[in-house]
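Below you'll find the structure, written out as structure tokens, and then a few comments.
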Amino acid sequence: MTLDPQIADLIEALDSGFPPVHTMTGAQARATIRSRFVPPAQPEAVGSVDDVTIAGDVPVRIYRPVSDVPVPVVVYAHGGGFVFCDLDSHDGLCRNLANLLSAVVISVDYRLAPESRWPAAAEDVYAATRWAAEHAAEFGGDPGRLAVAGDSAGGNLAAVTTLMARDRGGPALSAQLLIYPMIAADFETESYRRYGKGFYNPRPALQWYWDQYVPSPADRTHPYASPLQARLDGLPPAVVVIAGHDPLRDEGVAYADALDAAGVPVTRCSFEGGIHGFMTIPMLDIAHEARRQATQELAKLL
């Protein structure tokens with residue numbers, strides 16, 4: 001496997017510039033990441049964008065495509081190690097997904113660790129998903145075509161939401177999109193060994209994220225923390241994006257395999273040249289190709 005050429009040209013700068021979040025408090029890490037965010041001068045146009053707060057005081061941002069008919073609804077959980085990132089950090093991605101899918105995308109500003117530990121974030125994303133099912137028609141969505149999605153830590157939250165929806169009697173979900181998801185707190189995999197240093201999201205940072213969100217080792221075996229520990233039958237079809245040069249590669253592959261073994265239809269979108277987080281780096285051609293492929297596969301399910 002070789003790195004994507006564009007990533008290879010950037011990887012040294014990306015890796016050396018990654019802040020040592022594992023030496024910071026959650027608030028310090030959040031402020032550092034936020035200070036580096038540069039919004040685009042001209043955000044991608046969509047039909048409309050609205051910020052609302054749903055029951056339970058969970059802020060969400062609703063992206064509507066231009067459409068005269070009801071469209072699918074995708075509840076999106078942003079990445080950021082359960083500690084940082086927000087509606088603004090993933091605004092560009094969510095706008096693009098809304099247009100590529102011709103779907104309403106609801107981005108969830110869930111509670112962050114360590115101030116709000118597990119399972120707060122998962123409960124917020126599940127609450128937003130229930131709300132989306134109940135109110136879909138109000139914003140041009142079709143409640144019969146409802147999916148959850150997320151990248152990295154958000155991929156964990158999306159996967160957990162499917163478990164909660166199954167275990168708690170709804171809402172009915174048509175699909176799940178998991179983008180290089182954080183699935184299990186196992187730092188001894190081959191991909192951690194190979195890519196845990198020098199590939200932008202280092203092992204100490206990834207371990208620290210788990211320490212902030214699920215500090216108790218006993219809790220990490222709970223299915224709502226580590227979905228790989230769950231019974232997986234009865235879940236919606238999945239699209240799983242896997243980056244080849246990612247410490248989380250092996251757990252993403254293991255989860256796709258486990259879903260498949262449980263009888264859940266799975267489509268794998270593998271990008272061997274990618275690194276963790278590559279789909280949110282808009283300067284990369286591979287990021288846009290991954291967005292196109294993932295949304296095409298998700299659209300088939302919706």
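Ordering of the structure tokens sets the chain letters (A, B, ...), residue numbers begin anew at 1 in every chain, and ligands are numbered from 1 in the order given.
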
Test item: residues at most 8 Å from segment 224-241 of chain A, only C-alpha atoms, excluding those fewer than 5 positions along its chain, as number ranges by chain | A: 118-119, 122, 156, 159-160, 162-164, 166, 173-180, 183-185, 214, 219, 252, 254-256, 258-259, 262-271, 290, 294, 297-298, 301

Output of the above residues as a compact mmCIF listing (two decimals), in the first residue's frame, restricted to N, CA and C atoms:
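selection-v7.txt written:
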```txt
# COMPACT_ATOMS: atom_id res chain seq x y z
N TRP A 118 -19.23 9.42 28.52
CA TRP A 118 -20.10 8.36 28.03
C TRP A 118 -21.19 8.06 29.04
N PRO A 119 -22.43 7.87 28.57
CA PRO A 119 -22.88 7.81 27.17
C PRO A 119 -23.55 9.08 26.68
N ALA A 122 -23.63 9.74 22.86
CA ALA A 122 -24.47 8.74 22.17
C ALA A 122 -25.95 9.01 22.41
N ASN A 156 -18.56 6.07 15.62
CA ASN A 156 -18.95 5.30 16.81
C ASN A 156 -20.36 5.66 17.23
N ALA A 159 -22.98 4.27 14.87
CA ALA A 159 -23.14 2.83 15.06
C ALA A 159 -23.92 2.54 16.34
N VAL A 160 -23.59 3.25 17.41
CA VAL A 160 -24.30 3.05 18.68
C VAL A 160 -25.77 3.44 18.54
N THR A 162 -27.65 3.05 15.98
CA THR A 162 -28.38 1.94 15.37
C THR A 162 -28.70 0.86 16.40
N LEU A 163 -27.78 0.63 17.33
CA LEU A 163 -28.03 -0.35 18.40
C LEU A 163 -29.14 0.12 19.32
N MET A 164 -29.09 1.39 19.70
CA MET A 164 -30.12 1.95 20.58
C MET A 164 -31.49 1.89 19.90
N ARG A 166 -32.53 -0.17 17.62
CA ARG A 166 -33.00 -1.55 17.62
C ARG A 166 -33.48 -1.97 19.00
N LEU A 173 -34.56 2.58 10.96
CA LEU A 173 -33.47 3.16 10.19
C LEU A 173 -33.26 2.37 8.90
N SER A 174 -33.02 3.10 7.83
CA SER A 174 -32.83 2.48 6.53
C SER A 174 -31.37 2.16 6.25
N ALA A 175 -30.45 2.88 6.89
CA ALA A 175 -29.03 2.70 6.56
C ALA A 175 -28.16 3.38 7.60
N GLN A 176 -26.88 3.01 7.56
CA GLN A 176 -25.87 3.68 8.37
C GLN A 176 -24.61 3.87 7.53
N LEU A 177 -23.99 5.04 7.67
CA LEU A 177 -22.74 5.35 6.99
C LEU A 177 -21.68 5.60 8.07
N LEU A 178 -20.67 4.74 8.10
CA LEU A 178 -19.63 4.82 9.12
C LEU A 178 -18.30 5.13 8.42
N ILE A 179 -17.77 6.31 8.69
CA ILE A 179 -16.56 6.79 8.03
C ILE A 179 -15.39 6.63 8.99
N TYR A 180 -14.45 5.75 8.63
CA TYR A 180 -13.33 5.35 9.51
C TYR A 180 -13.69 5.47 11.00
N ILE A 183 -14.36 2.18 16.82
CA ILE A 183 -15.29 1.11 17.15
C ILE A 183 -14.93 0.39 18.44
N ALA A 184 -13.64 0.30 18.75
CA ALA A 184 -13.22 -0.45 19.94
C ALA A 184 -11.94 0.16 20.49
N ALA A 185 -11.81 0.16 21.81
CA ALA A 185 -10.63 0.73 22.47
C ALA A 185 -9.52 -0.32 22.52
N VAL A 214 -14.64 7.60 27.74
CA VAL A 214 -14.97 6.37 28.49
C VAL A 214 -13.77 6.01 29.36
N ASP A 219 -16.34 0.02 31.43
CA ASP A 219 -17.37 0.58 30.56
C ASP A 219 -17.06 0.38 29.08
N GLY A 252 -12.25 -0.90 11.88
CA GLY A 252 -13.29 -0.68 10.87
C GLY A 252 -13.54 -1.93 10.05
N ALA A 254 -12.86 -4.99 11.06
CA ALA A 254 -13.45 -5.99 11.96
C ALA A 254 -14.94 -5.75 12.14
N TYR A 255 -15.35 -4.49 12.21
CA TYR A 255 -16.77 -4.20 12.40
C TYR A 255 -17.56 -4.54 11.14
N ALA A 256 -17.00 -4.19 9.98
CA ALA A 256 -17.67 -4.56 8.73
C ALA A 256 -17.81 -6.08 8.64
N ALA A 258 -17.94 -8.18 11.16
CA ALA A 258 -18.89 -8.64 12.17
C ALA A 258 -20.33 -8.36 11.74
N LEU A 259 -20.57 -7.22 11.12
CA LEU A 259 -21.89 -6.92 10.59
C LEU A 259 -22.28 -7.95 9.53
N ALA A 262 -23.24 -11.16 10.95
CA ALA A 262 -24.55 -11.10 11.61
C ALA A 262 -25.70 -11.00 10.62
N GLY A 263 -25.40 -11.03 9.34
CA GLY A 263 -26.45 -10.96 8.32
C GLY A 263 -26.85 -9.56 7.92
N VAL A 264 -26.05 -8.56 8.32
CA VAL A 264 -26.33 -7.17 7.95
C VAL A 264 -25.63 -6.88 6.62
N PRO A 265 -26.34 -6.41 5.60
CA PRO A 265 -25.67 -6.07 4.34
C PRO A 265 -24.65 -4.96 4.55
N VAL A 266 -23.45 -5.16 4.03
CA VAL A 266 -22.35 -4.22 4.22
C VAL A 266 -21.70 -3.91 2.88
N THR A 267 -21.49 -2.62 2.63
CA THR A 267 -20.68 -2.19 1.49
C THR A 267 -19.44 -1.51 2.04
N ARG A 268 -18.28 -1.99 1.62
CA ARG A 268 -17.01 -1.41 2.06
C ARG A 268 -16.51 -0.45 0.98
N CYS A 269 -16.17 0.75 1.38
CA CYS A 269 -15.52 1.71 0.49
C CYS A 269 -14.10 1.90 1.02
N SER A 270 -13.14 1.22 0.42
CA SER A 270 -11.77 1.22 0.92
C SER A 270 -10.91 2.16 0.09
N PHE A 271 -10.16 2.99 0.80
CA PHE A 271 -9.24 3.94 0.16
C PHE A 271 -7.87 3.71 0.76
N ALA A 290 -13.95 9.82 -2.34
CA ALA A 290 -14.55 9.04 -1.25
C ALA A 290 -15.95 9.53 -0.94
N ALA A 294 -19.06 7.00 -1.31
CA ALA A 294 -19.85 6.68 -0.11
C ALA A 294 -21.30 7.12 -0.26
N GLU A 297 -23.26 4.83 -2.63
CA GLU A 297 -23.65 3.58 -1.99
C GLU A 297 -24.77 3.81 -0.97
N LEU A 298 -24.69 4.91 -0.23
CA LEU A 298 -25.75 5.23 0.73
C LEU A 298 -27.05 5.53 0.01
N LEU A 301 -29.24 2.65 -0.73
CA LEU A 301 -29.97 2.11 0.42
C LEU A 301 -31.16 2.98 0.79
```

With a cut-off of 10 Å, could you pull out the residues of segment 171-262 of chain A touching segment 25-43 of chain A and give me the nearest pair of atoms for each, distance in Å to one decimal, using only C-alpha atoms, ordered by chain and ascending number, as a tab-separated table?
```
residue	atom	partner	partner_atom	distance
A:Trp208	CA	A:Gly26	CA	9.9
A:Tyr209	CA	A:Gly26	CA	9.3
A:Gln212	CA	A:Gly26	CA	7.7
```

Among segment 41-166 of chain A, which ones does DSSP place in strand (DSSP E), written as a PyMOL selection string?
-> chain A and resi 48-54+58-64+71-77+104-108+141-151

Determine which residues of segment 219-265 of chain A receive a DSSP assignment of alpha helix (DSSP H), computed from the backbone, and state them as a ChimeraX atom specification.
-> /A:249-261

Counting only C-alpha atoms, the option among A:Val148, A:Gly154, A:Val69, A:Ala120 closest to Asp86 of chain A =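 The shortest atom-to-atom distance to Asp86 of chain A comes from A:Gly154.
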
Between A:Arg292, A:His22, A:His245, A:Arg220, which has the minimum distance to Ile7 of chain A (counting only C-alpha atoms)?
->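 Ranking A:Arg292, A:His22, A:His245, A:Arg220 by distance to Ile7 of chain A, first place goes to A:His245.
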
Pick from A:Ser216, A:Ala153, A:Ala98, A:Ile106 nearest to Phe84 of chain A, counting only C-alpha atoms =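 Ranking A:Ser216, A:Ala153, A:Ala98, A:Ile106 by distance to Phe84 of chain A, first place goes to A:Ala153.
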
Point-to-point distance from atom CA of His90 of chain A to atom CA of Tyr192 of chain A, Å rounded to tenths | 25.4 Å

Counting only C-alpha atoms, the option among A:Val21, A:Ala261, A:Ile242, A:Ala77 closest to Leu206 of chain A = A:Val21

Point out the residue among A:Ser116, A:Ser107, A:Thr2, A:Asn96 with the least atom-to-atom distance to Pro59 of chain A, counting only C-alpha atoms.
-> A:Ser107
